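Enquirer: Dropping a structure here in structure tokens format, bear with me for questions.
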Amino acid sequence: MLHLAVRMAGHRITALLAVACAVLGGAALITGTGVLAESGLRSQLPAGRLAGADVVVSSDQSFRPAGDLPIALPERGTVPAALVDRLAALPGVTAAVGDVGFPAAVLDTDGRVVPVEEPQAAGHGWSSTKLLTDPKVSGAAPAGAAEVALDSATAEAAGVRAGDRVEVVAAGRSAATYRVTAVVDAPGAGILFADRTAARLSGRDGGEGDDGNGSGTAGGRTGTVDLVGLRTEPGAEESVAAAARETIEDAGKAASGGAGADVIVSTGSGRGDIASPGAGAARSLLILLAGSLSGIIMMVIGFVMASALAVSIGGQRRDLALMRAVGATPRQIRRLAAAQASIIAAVAVVPGVGLGYLLAGQFRRMLVDREVIPAGLPLTYSPLPALATVLLLGLAVQVSARSAAWRTSRLPATEAVAESRSEPRTPSKIRIRAGLLLIVAAMTLSAVPLLSRTVLGAAATSMAGIIGAIGLALAGPALVRGIGDTAARRLRPGVSAPTWLAVANIRGYALRLSGVVSALAMAVVFVLTYTLAQTTVMSATAQDTRTGTLAQRSLSAPGLGGVPAGVLADVTRTDGVRAAAPVSDTTVVWEYEMFGEPEVEAASAMILTPAAPDVLDLGVRDGSLARLTGDTVAVDSEVARSRDAGVGKRIDLVLGDGSRVSPEVVAVYDRGLGFGPVAVSHDLAEGHTTAGLDQRVLVRTDGTDAALRELTELAASRPGLVLEPTDTGSGDSLSDAPATVWINLATIVVLLGYLLLSIANKLVATTAQRRNEIATLRLNGTTPRQILAMMRREAAVIGVAAVATGVLLSVVPLVLLGVGFLDRPWPAGPVWLLPAVALTVICTAFVTVELPTRQALRTAPAHALSARE
């Protein structure tokens with residue numbers, strides 16, 4: 001059977017090339033997605049400044065729901081400071097360091113902030129140098145409250161060395177002058193203060209500070225440290241880690257002092273996530289990306305694979321029918337078709353897998369360039385994605401090949417031979433009904449955006465388009481035959497021969513043409529629904545944000561790790577300022593029940609004060625944001641309805657540092673798309689964020705130029721402050737698109753390239769299989785010019801039908817998307833998209849029909865009839 005399959009494949013090179021391209025592209029896409037998924041599960045960040053600690057004791061920076069993947073927590077948790085002495089007494093421990101981090105930044109001689117990698121936690125105590133690997137220290141340790149040590153990169157950027165004086169902004173306090181006592185040559189060492197000074201600045205000693213600001217940077221974290229690093233004797237790492245776990249169990253397992261998360265012990269590569277909890281959240285993003293891409297990729301690959309194999313095996317129907325006539329069983333015919341397809345797949349899957357690994361690397365570079373993931377997060381390369389690709393594609397090839405050969409294998413031998421040069425006169429009713437049912441299901445799914453104004457609701461639009469295109473592929477033969485019959489009835493007497501022939505081919509070969517039309521229509525549907533879903537969500541988000549933001553200006557201090565204390569008071573005293581309120585962002589994990597089953601979802605959350613209504617209008621429909629004090633939250637109306645979280649209800653949340661809380665809902669608002677599903681009170685979040693500072697202050701003025709000048713002067717007088725307008729764009733342009741939208745658009749481009757290449761190969765193979773038909777027409781007196789004209793008319797029908805059906809399948813989902821998200825019956829997006837897609841599809845149809853036709857016309861008719869492909 002295998003030998004026969006190889007011999008048959010050798011005579012069908014053109015058709016099998018389409019299969020090979022489909023397999024190669026599919027293998028690249030599946031492997032690339034698999035690498036992203038595996039990297040999200042297994043990749044580890046470098047240990048960074050914790051590389052010198054053999055064992056690290058910290059709060060768990062992941063929330064671990066039962067039966068699901070862990071969710072990364074981006075805010076730094078804490079552990080009791082009392083653990084430091086207990087762990088230091090363990091056998092094999094040579095040093096135990098309680099590390100604290102807090103916002104700190106150095107100013108250069110021009111008063112500008114020297115950039116550091118993580119300003120929210122750049123400040124540390126001098127004892128944290130014991131966590132570094134062989135630091136080279138030039139100078140002495142800081143001892144007084146006005147002394148500081150810098151890492152070499154910061155010192156060089158600030159233009160200072162040991163003995164010089166430097167301005168430092170620490171923990172949201174005003175800039176103060178410090179004497180540089182040492183320069184530490186070690187990456188990531190940060191800005192180092194005396195241990196007692198670091199405890200005071202970070203709020204771990206319970207004091208209010210010495211500068212009168214009373215910032216309370218880490219309020220609620222008294223008596224805690226961020227982590228405990230242990231240095232051990234050689235070879236004692238594992239025994240110390242085990243003893244540390246026992247000590248933690250004896251201490252009650254959970255950290256005190258407000259953190260509320262489990263305390264864990266990390267060694268080896270596990271230290272990377274602890275060193276940078278915010279960057280560790282990028283692994284979860286890779287899993288989410290891979291998960292969101294996998295569904296659409298598998299659907300597209302399955303469609304392309306089935307189409308390519310249908311063309312390939314359709315060209316061998318006569319050979320298979322003759323084999324049936326000489327005694328081959330239906331099972332043997334299907335096995336032969338599957339074996340032949342498997343041979344081609346085996347050849348194409350190897351370079352496809354290699355291309356997939358390269359594609360994953362390019363995708364990672366794009367994510368790093370867009371600052372979606374940190375540059376230090378590597379991809380994990382292993383044979384697992386390749387193995388998964390081989391298994392999935394092998395299964396897809398077997399199912400598609402056997403399905404394509406099913407009809408020929410089941411027909412009686414004489415009927416199979418008779419039908420091998422024609423098509424069934426009437427399309428299968430079961431196939432037509434299944435296609436129509438899928439189209440109806442797709443239209444039903446299109447209504448989801450009307451019910452759910454969320455990103456998930458918008459995703460239903462692109463999914464509905466793809467399902468509709470698959471339904472078209474099933475019901476397509478009846479549609480094409482109907483078009484042919486209608487055109488035949490409307491033909492005028494004396495119509496040209498090429499037109500008559502083209503119409504006759506459309507009527508007689510509806511199955512052949514419908515496969516091409518549906519493939520091109522899928523490309524149209526995919527691009528329109530997927531792209532316009534992204535741009536519509538982006539526009540609706542911008543519309544919500546623009547309408548709901550009453551403030552004209554935003555003050556932030558990204559280089560300082562947060563807005564310094566006292567800035568809010570200074571802003572409110574500025575002439576022309578009507579209102580000002582702090583706003584920050586964090587992440588929460590929402591635990592709820594859906595249909596009686598426990599569910600968990602991570603969501604972005606705003607941190608607001610009762611003054612928020614003066615600068616933000618979230619579209620509150622119930623309750624009031626002015627009640628956001630203490631243990632309270634506000635929620636979006638979509639999630640309030642689906643999760644029974646109305647005003648007065650209590651919900652279960654896990655804050656960004658792992659603390660479990662059960663706040664009361666005091667407001668329900670409508671503009672969740674622009675402002676997120678949850679808003680937590682400033683009081684509730686206090687002590688549960690890494691920096692402990694507000695990220696920005698929104699300012700509403702009287703709109704005069706004088707007020708703007710006053711704010712500009714205030715920002716210029718305080719180092720590190722950045723004044724920006726809140727209206728940053730309409731959101732309708734791709735130039736305003738966030739990084740996630742660019743990622744999705746890049747995915748569209750890759751999938752569209754795969755689709756068009758596969759479709760082009762399919763069209764070439766379909767046209768090449770018509771060499772006998774072309775030769776017969778020439779022997780009957782049809783001129784080459786007439787044949788070219790006939791094929792061009794068919795290409796025109798294919799292109800126009802594909803664009804028309806693709807647009808029709810996209811209209812309902814996109815109209816409902818526009819109504820649901822923008823309150824208008826059309827989506828937002830570039831106006832050039834539809835003309836560009838239509839031109840691409842029509843050009844693809846013409847080029848891939850014209851070239852093989854011209855090639856066929858170069859062969860003498862008698863030779864073409866006597867030769868096999």
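Naming scheme: A, B, ... for chains in displayed order of the structure tokens; residues 1 onward per chain; ligands 1 onward as shown.
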Residues within 9 Å of A:Leu358, please, as a PyMOL selection string. Count only C-alpha atoms; anything in the same chain fewer than 4 positions from it doesn't count.
Expert: chain A and resi 28+32+353-354+362-363
Enquirer: May I have the selected residues written with all heavy atoms, as a CSV table (one decimal), in the first residue's frame?
Expert:
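This went into part10.csv:
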chain,number,residue,atom,x,y,z
A,28,ALA,N,4.3,25.3,11.0
A,28,ALA,CA,5.0,26.5,11.6
A,28,ALA,C,4.1,27.2,12.6
A,28,ALA,O,4.5,27.6,13.6
A,28,ALA,CB,5.3,27.4,10.4
A,32,GLY,N,5.0,27.3,16.5
A,32,GLY,CA,5.2,28.6,17.1
A,32,GLY,C,4.3,28.9,18.3
A,32,GLY,O,4.8,29.4,19.4
A,353,VAL,N,8.2,22.6,11.1
A,353,VAL,CA,8.5,22.7,12.6
A,353,VAL,C,9.7,23.7,12.8
A,353,VAL,O,9.7,24.5,13.7
A,353,VAL,CB,8.8,21.3,13.1
A,353,VAL,CG1,9.4,21.4,14.5
A,353,VAL,CG2,7.5,20.5,13.2
A,354,GLY,N,10.7,23.5,12.0
A,354,GLY,CA,11.9,24.4,12.1
A,354,GLY,C,11.5,25.9,11.9
A,354,GLY,O,11.9,26.8,12.7
A,362,GLN,N,10.8,35.3,16.5
A,362,GLN,CA,10.5,36.6,15.9
A,362,GLN,C,9.3,37.2,16.7
A,362,GLN,O,9.3,38.5,16.9
A,362,GLN,CB,10.1,36.5,14.4
A,362,GLN,CG,11.3,36.1,13.5
A,362,GLN,CD,12.4,37.2,13.5
A,362,GLN,OE1,12.1,38.4,13.6
A,362,GLN,NE2,13.6,36.8,13.4
A,363,PHE,N,8.3,36.4,17.0
A,363,PHE,CA,7.2,36.9,17.8
A,363,PHE,C,7.6,37.4,19.2
A,363,PHE,O,7.1,38.4,19.6
A,363,PHE,CB,6.2,35.8,17.9
A,363,PHE,CG,4.8,36.2,18.4
A,363,PHE,CD1,4.0,37.0,17.5
A,363,PHE,CD2,4.3,36.0,19.6
A,363,PHE,CE1,2.8,37.4,17.9
A,363,PHE,CE2,3.1,36.4,20.0
A,363,PHE,CZ,2.3,37.1,19.2
Enquirer: Give me, as a PyMOL selection string, the residues of stretch 653-682 of chain A that a backbone DSSP run labels helix (DSSP H, G or I).
Expert: chain A and resi 672-675+682
Enquirer: Please produce a file of the residues just selected, as a tab-separated table (two decimals), in the first residue's frame, where the atoms kept are C-alpha atoms.
Expert:
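out38.tsv, freshly written:
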chain	number	residue	atom	x	y	z
A	672	GLY	CA	-16.09	49.15	32.10
A	673	LEU	CA	-14.59	48.77	28.63
A	674	GLY	CA	-12.61	51.98	29.08
A	675	PHE	CA	-11.94	51.83	32.81
A	682	HIS	CA	-7.63	53.70	47.98
Enquirer: What's the 12 Å shell around A:Ala401, counting only C-alpha atoms, without same-chain residues fewer than 2 positions away, as JSON, numbers by chain?
Expert: {"A": [16, 19, 302, 305, 306, 307, 308, 309, 310, 311, 312, 313, 314, 333, 334, 335, 336, 337, 338, 339, 340, 341, 342, 343, 344, 345, 393, 394, 395, 396, 397, 398, 399, 403, 404, 405, 406, 407, 408, 409]}
Enquirer: Set the distance at 9 Å and use only C-alpha atoms: which residues neighbour stretch 148-163 of chain A once local chain neighbours fewer than 2 positions away are removed? I'd like the list as a short mmCIF file (atom, residue, chain, number, x, y, z; two decimals) with C-alpha atoms, in the first residue's frame.
Expert:
data_model
loop_
_atom_site.label_atom_id
_atom_site.label_comp_id
_atom_site.auth_asym_id
_atom_site.auth_seq_id
_atom_site.Cartn_x
_atom_site.Cartn_y
_atom_site.Cartn_z
CA VAL A 106 18.75 59.67 41.63
CA LEU A 107 18.86 63.13 40.03
CA ASP A 108 21.75 64.12 37.78
CA THR A 109 23.46 67.52 37.88
CA VAL A 113 15.84 61.62 36.88
CA VAL A 114 18.40 58.92 36.14
CA PRO A 115 16.43 56.02 34.66
CA VAL A 116 16.57 52.66 36.45
CA TRP A 126 22.90 48.00 52.47
CA SER A 138 34.45 50.94 45.91
CA GLY A 139 34.07 52.80 49.21
CA ALA A 140 32.38 52.14 52.54
CA ALA A 141 28.89 51.14 53.58
CA PRO A 142 26.44 54.00 54.23
CA ALA A 143 25.89 54.48 57.95
CA GLY A 144 24.12 57.79 58.50
CA ALA A 145 20.66 58.92 57.44
CA ALA A 146 22.16 61.18 54.75
CA ARG A 165 26.97 64.44 46.86
CA VAL A 166 23.83 63.58 44.95
CA VAL A 168 17.86 61.44 45.75
CA TYR A 178 22.98 62.43 50.20
CA ARG A 179 26.69 61.73 50.32
CA VAL A 180 27.75 58.82 48.11
CA THR A 181 29.83 56.52 50.32
CA ALA A 182 30.28 53.65 47.85
CA VAL A 183 29.78 52.51 44.28
CA VAL A 184 28.74 48.87 43.89
CA ASP A 185 29.73 47.18 40.63
CA ALA A 186 26.93 44.63 40.30
CA PRO A 187 23.93 44.62 37.97
CA GLY A 188 20.63 45.48 39.63
CA ALA A 189 22.14 46.49 42.97
CA GLY A 190 19.98 49.61 43.05
CA ILE A 191 20.18 52.58 45.40
CA LEU A 192 21.40 51.42 48.79
CA PHE A 193 20.75 53.16 52.12
CA ALA A 194 21.75 52.29 55.65
#
Enquirer: As number ranges by chain, please: every residue in stretch 567-693 of chain A that DSSP puts in strand (DSSP E).
Expert: A: 577-594, 597-608, 620-623, 632-636, 652-654, 660-661, 664-669, 678-681
Enquirer: With N, CA and C atoms retained, export the selected residues as a compact mmCIF listing (two decimals), in the first residue's frame.
Expert:
# COMPACT_ATOMS: atom_id res chain seq x y z
N VAL A 577 -7.39 75.31 39.19
CA VAL A 577 -7.68 73.88 39.34
C VAL A 577 -9.01 73.71 40.07
N ARG A 578 -9.94 73.05 39.43
CA ARG A 578 -11.26 72.82 40.01
C ARG A 578 -11.29 71.55 40.87
N ALA A 579 -10.56 70.53 40.44
CA ALA A 579 -10.57 69.26 41.19
C ALA A 579 -9.32 68.46 40.80
N ALA A 580 -8.87 67.63 41.73
CA ALA A 580 -7.75 66.73 41.47
C ALA A 580 -7.93 65.49 42.33
N ALA A 581 -7.57 64.33 41.76
CA ALA A 581 -7.73 63.07 42.48
C ALA A 581 -6.68 62.09 42.01
N PRO A 582 -6.14 61.28 42.94
CA PRO A 582 -5.14 60.27 42.54
C PRO A 582 -5.82 59.06 41.93
N VAL A 583 -5.16 58.48 40.95
CA VAL A 583 -5.66 57.26 40.29
C VAL A 583 -4.47 56.34 40.06
N SER A 584 -4.64 55.07 40.37
CA SER A 584 -3.59 54.07 40.13
C SER A 584 -4.22 52.82 39.53
N ASP A 585 -3.37 51.93 39.04
CA ASP A 585 -3.83 50.68 38.46
C ASP A 585 -3.16 49.51 39.17
N THR A 586 -3.89 48.44 39.30
CA THR A 586 -3.33 47.21 39.88
C THR A 586 -4.03 46.03 39.23
N THR A 587 -3.79 44.86 39.77
CA THR A 587 -4.44 43.64 39.28
C THR A 587 -5.11 42.94 40.44
N VAL A 588 -6.32 42.45 40.21
CA VAL A 588 -7.01 41.66 41.22
C VAL A 588 -7.44 40.34 40.60
N VAL A 589 -7.65 39.36 41.43
CA VAL A 589 -8.19 38.07 41.01
C VAL A 589 -9.57 37.94 41.63
N TRP A 590 -10.57 37.74 40.79
CA TRP A 590 -11.96 37.69 41.24
C TRP A 590 -12.40 36.24 41.28
N GLU A 591 -12.80 35.79 42.46
CA GLU A 591 -13.36 34.46 42.65
C GLU A 591 -14.88 34.56 42.71
N TYR A 592 -15.54 33.80 41.86
CA TYR A 592 -17.00 33.86 41.82
C TYR A 592 -17.55 32.51 41.37
N GLU A 593 -18.86 32.38 41.38
CA GLU A 593 -19.51 31.15 40.92
C GLU A 593 -20.29 31.43 39.65
N MET A 594 -20.20 30.50 38.70
CA MET A 594 -20.95 30.59 37.45
C MET A 594 -21.65 29.25 37.23
N GLU A 597 -20.58 26.52 39.55
CA GLU A 597 -19.19 26.08 39.52
C GLU A 597 -18.26 27.24 39.89
N PRO A 598 -17.21 26.99 40.68
CA PRO A 598 -16.28 28.07 41.03
C PRO A 598 -15.47 28.52 39.82
N GLU A 599 -15.34 29.82 39.64
CA GLU A 599 -14.57 30.40 38.54
C GLU A 599 -13.59 31.42 39.11
N VAL A 600 -12.51 31.62 38.38
CA VAL A 600 -11.48 32.59 38.78
C VAL A 600 -11.07 33.39 37.56
N GLU A 601 -10.96 34.70 37.73
CA GLU A 601 -10.56 35.54 36.61
C GLU A 601 -9.68 36.67 37.11
N ALA A 602 -8.54 36.87 36.45
CA ALA A 602 -7.67 38.01 36.75
C ALA A 602 -8.14 39.22 35.96
N ALA A 603 -8.16 40.38 36.59
CA ALA A 603 -8.66 41.58 35.93
C ALA A 603 -7.87 42.80 36.38
N SER A 604 -7.76 43.76 35.47
CA SER A 604 -7.15 45.03 35.85
C SER A 604 -8.12 45.79 36.73
N ALA A 605 -7.61 46.60 37.62
CA ALA A 605 -8.45 47.34 38.56
C ALA A 605 -7.86 48.72 38.78
N MET A 606 -8.74 49.71 38.88
CA MET A 606 -8.31 51.06 39.24
C MET A 606 -8.35 51.21 40.76
N ILE A 607 -7.49 52.08 41.27
CA ILE A 607 -7.50 52.43 42.68
C ILE A 607 -7.96 53.88 42.76
N LEU A 608 -9.12 54.10 43.39
CA LEU A 608 -9.75 55.41 43.41
C LEU A 608 -10.03 55.86 44.84
N VAL A 620 -21.93 55.84 36.32
CA VAL A 620 -22.49 55.11 37.45
C VAL A 620 -24.01 55.00 37.29
N ARG A 621 -24.51 53.79 37.37
CA ARG A 621 -25.96 53.56 37.23
C ARG A 621 -26.60 53.21 38.57
N ASP A 622 -25.79 52.84 39.55
CA ASP A 622 -26.33 52.49 40.86
C ASP A 622 -25.26 52.74 41.90
N GLY A 623 -25.62 53.33 43.03
CA GLY A 623 -24.64 53.63 44.05
C GLY A 623 -23.88 54.91 43.75
N THR A 632 -14.30 48.73 50.32
CA THR A 632 -15.33 48.85 49.29
C THR A 632 -14.73 48.79 47.90
N VAL A 633 -15.60 48.47 46.91
CA VAL A 633 -15.22 48.45 45.51
C VAL A 633 -16.40 48.92 44.67
N ALA A 634 -16.12 49.27 43.42
CA ALA A 634 -17.15 49.50 42.41
C ALA A 634 -16.90 48.53 41.27
N VAL A 635 -17.97 48.10 40.59
CA VAL A 635 -17.80 47.09 39.53
C VAL A 635 -18.56 47.52 38.28
N ASP A 636 -18.13 46.99 37.17
CA ASP A 636 -18.78 47.24 35.89
C ASP A 636 -20.13 46.52 35.84
N ASP A 652 -15.56 38.27 46.55
CA ASP A 652 -14.28 37.72 47.00
C ASP A 652 -13.19 38.10 46.00
N LEU A 653 -12.20 38.85 46.47
CA LEU A 653 -11.10 39.28 45.62
C LEU A 653 -9.78 38.86 46.25
N VAL A 654 -8.80 38.66 45.38
CA VAL A 654 -7.42 38.49 45.81
C VAL A 654 -6.66 39.67 45.24
N ARG A 660 -6.32 38.19 50.52
CA ARG A 660 -7.73 37.90 50.27
C ARG A 660 -8.59 38.91 51.01
N VAL A 661 -9.55 39.50 50.29
CA VAL A 661 -10.46 40.47 50.89
C VAL A 661 -11.88 40.18 50.41
N GLU A 664 -17.28 45.31 49.98
CA GLU A 664 -18.67 45.56 49.63
C GLU A 664 -18.74 46.38 48.35
N VAL A 665 -19.66 46.04 47.47
CA VAL A 665 -19.87 46.80 46.24
C VAL A 665 -20.71 48.03 46.58
N VAL A 666 -20.16 49.23 46.29
CA VAL A 666 -20.88 50.47 46.61
C VAL A 666 -21.31 51.22 45.35
N ALA A 667 -20.90 50.74 44.17
CA ALA A 667 -21.31 51.41 42.93
C ALA A 667 -21.20 50.42 41.77
N VAL A 668 -22.09 50.60 40.79
CA VAL A 668 -22.06 49.83 39.55
C VAL A 668 -22.04 50.83 38.41
N TYR A 669 -21.09 50.68 37.49
CA TYR A 669 -20.91 51.66 36.42
C TYR A 669 -20.96 50.97 35.06
N VAL A 678 -13.25 46.56 37.54
CA VAL A 678 -13.27 46.75 38.99
C VAL A 678 -12.54 48.04 39.34
N ALA A 679 -13.06 48.73 40.34
CA ALA A 679 -12.36 49.87 40.93
C ALA A 679 -12.35 49.66 42.44
N VAL A 680 -11.17 49.60 43.03
CA VAL A 680 -11.06 49.37 44.47
C VAL A 680 -10.76 50.69 45.17
N SER A 681 -11.17 50.78 46.42
CA SER A 681 -10.93 52.01 47.17
C SER A 681 -9.45 52.16 47.49
Enquirer: At a cut-off of 12 Å, using only C-alpha atoms, what residues contact A:Pro234? Leave out same-chain residues fewer than 6 positions from it and give the result as a list in words.
Expert: Asp54, Gly92, Val93, Thr94 and Val240 of chain A
Enquirer: At most 10 Å is the cut-off: for each residue in stretch 365-439 of chain A with any atom that close to an atom of stretch 449-468 of chain A, write down the nearest atom pair and the distance in Å rounded to one decimal, counting only C-alpha atoms, chain first then increasing number, as JSON lines.
Expert:
{"residue": "A:Gly435", "atom": "CA", "partner": "A:Gly468", "partner_atom": "CA", "distance": 8.3}
{"residue": "A:Leu436", "atom": "CA", "partner": "A:Gly468", "partner_atom": "CA", "distance": 8.8}
{"residue": "A:Leu437", "atom": "CA", "partner": "A:Gly468", "partner_atom": "CA", "distance": 9.3}
{"residue": "A:Leu438", "atom": "CA", "partner": "A:Gly468", "partner_atom": "CA", "distance": 6.1}
{"residue": "A:Ile439", "atom": "CA", "partner": "A:Gly468", "partner_atom": "CA", "distance": 4.5}
Enquirer: Would you mind exporting N, CA, C and O atoms of the selected residues as a compact mmCIF listing (two decimals), in the first residue's frame?
Expert:
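Result saved to result_17.txt:
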# COMPACT_ATOMS: atom_id res chain seq x y z
N GLY A 435 -24.18 22.92 6.18
CA GLY A 435 -23.64 24.25 5.91
C GLY A 435 -24.58 25.35 6.31
O GLY A 435 -24.17 26.36 6.93
N LEU A 436 -25.86 25.19 5.98
CA LEU A 436 -26.84 26.21 6.35
C LEU A 436 -26.99 26.32 7.86
O LEU A 436 -27.14 27.42 8.41
N LEU A 437 -26.94 25.18 8.54
CA LEU A 437 -27.02 25.20 10.01
C LEU A 437 -25.83 25.95 10.61
O LEU A 437 -25.98 26.71 11.58
N LEU A 438 -24.63 25.73 10.05
CA LEU A 438 -23.46 26.45 10.54
C LEU A 438 -23.59 27.95 10.30
O LEU A 438 -23.21 28.77 11.16
N ILE A 439 -24.12 28.33 9.14
CA ILE A 439 -24.30 29.76 8.86
C ILE A 439 -25.31 30.36 9.83
O ILE A 439 -25.10 31.47 10.36
Enquirer: To one decimal in Å, tell me the separation between atom CA of A:Glu237 and atom CA of A:Val55.
Expert: 6.7 Å
Enquirer: Between A:Ser294, A:Leu814, A:Leu227, A:Gly646, single out the one closest to A:Gly26, counting only C-alpha atoms.
Expert: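 Among the listed residues, the smallest separation from A:Gly26 belongs to A:Ser294.
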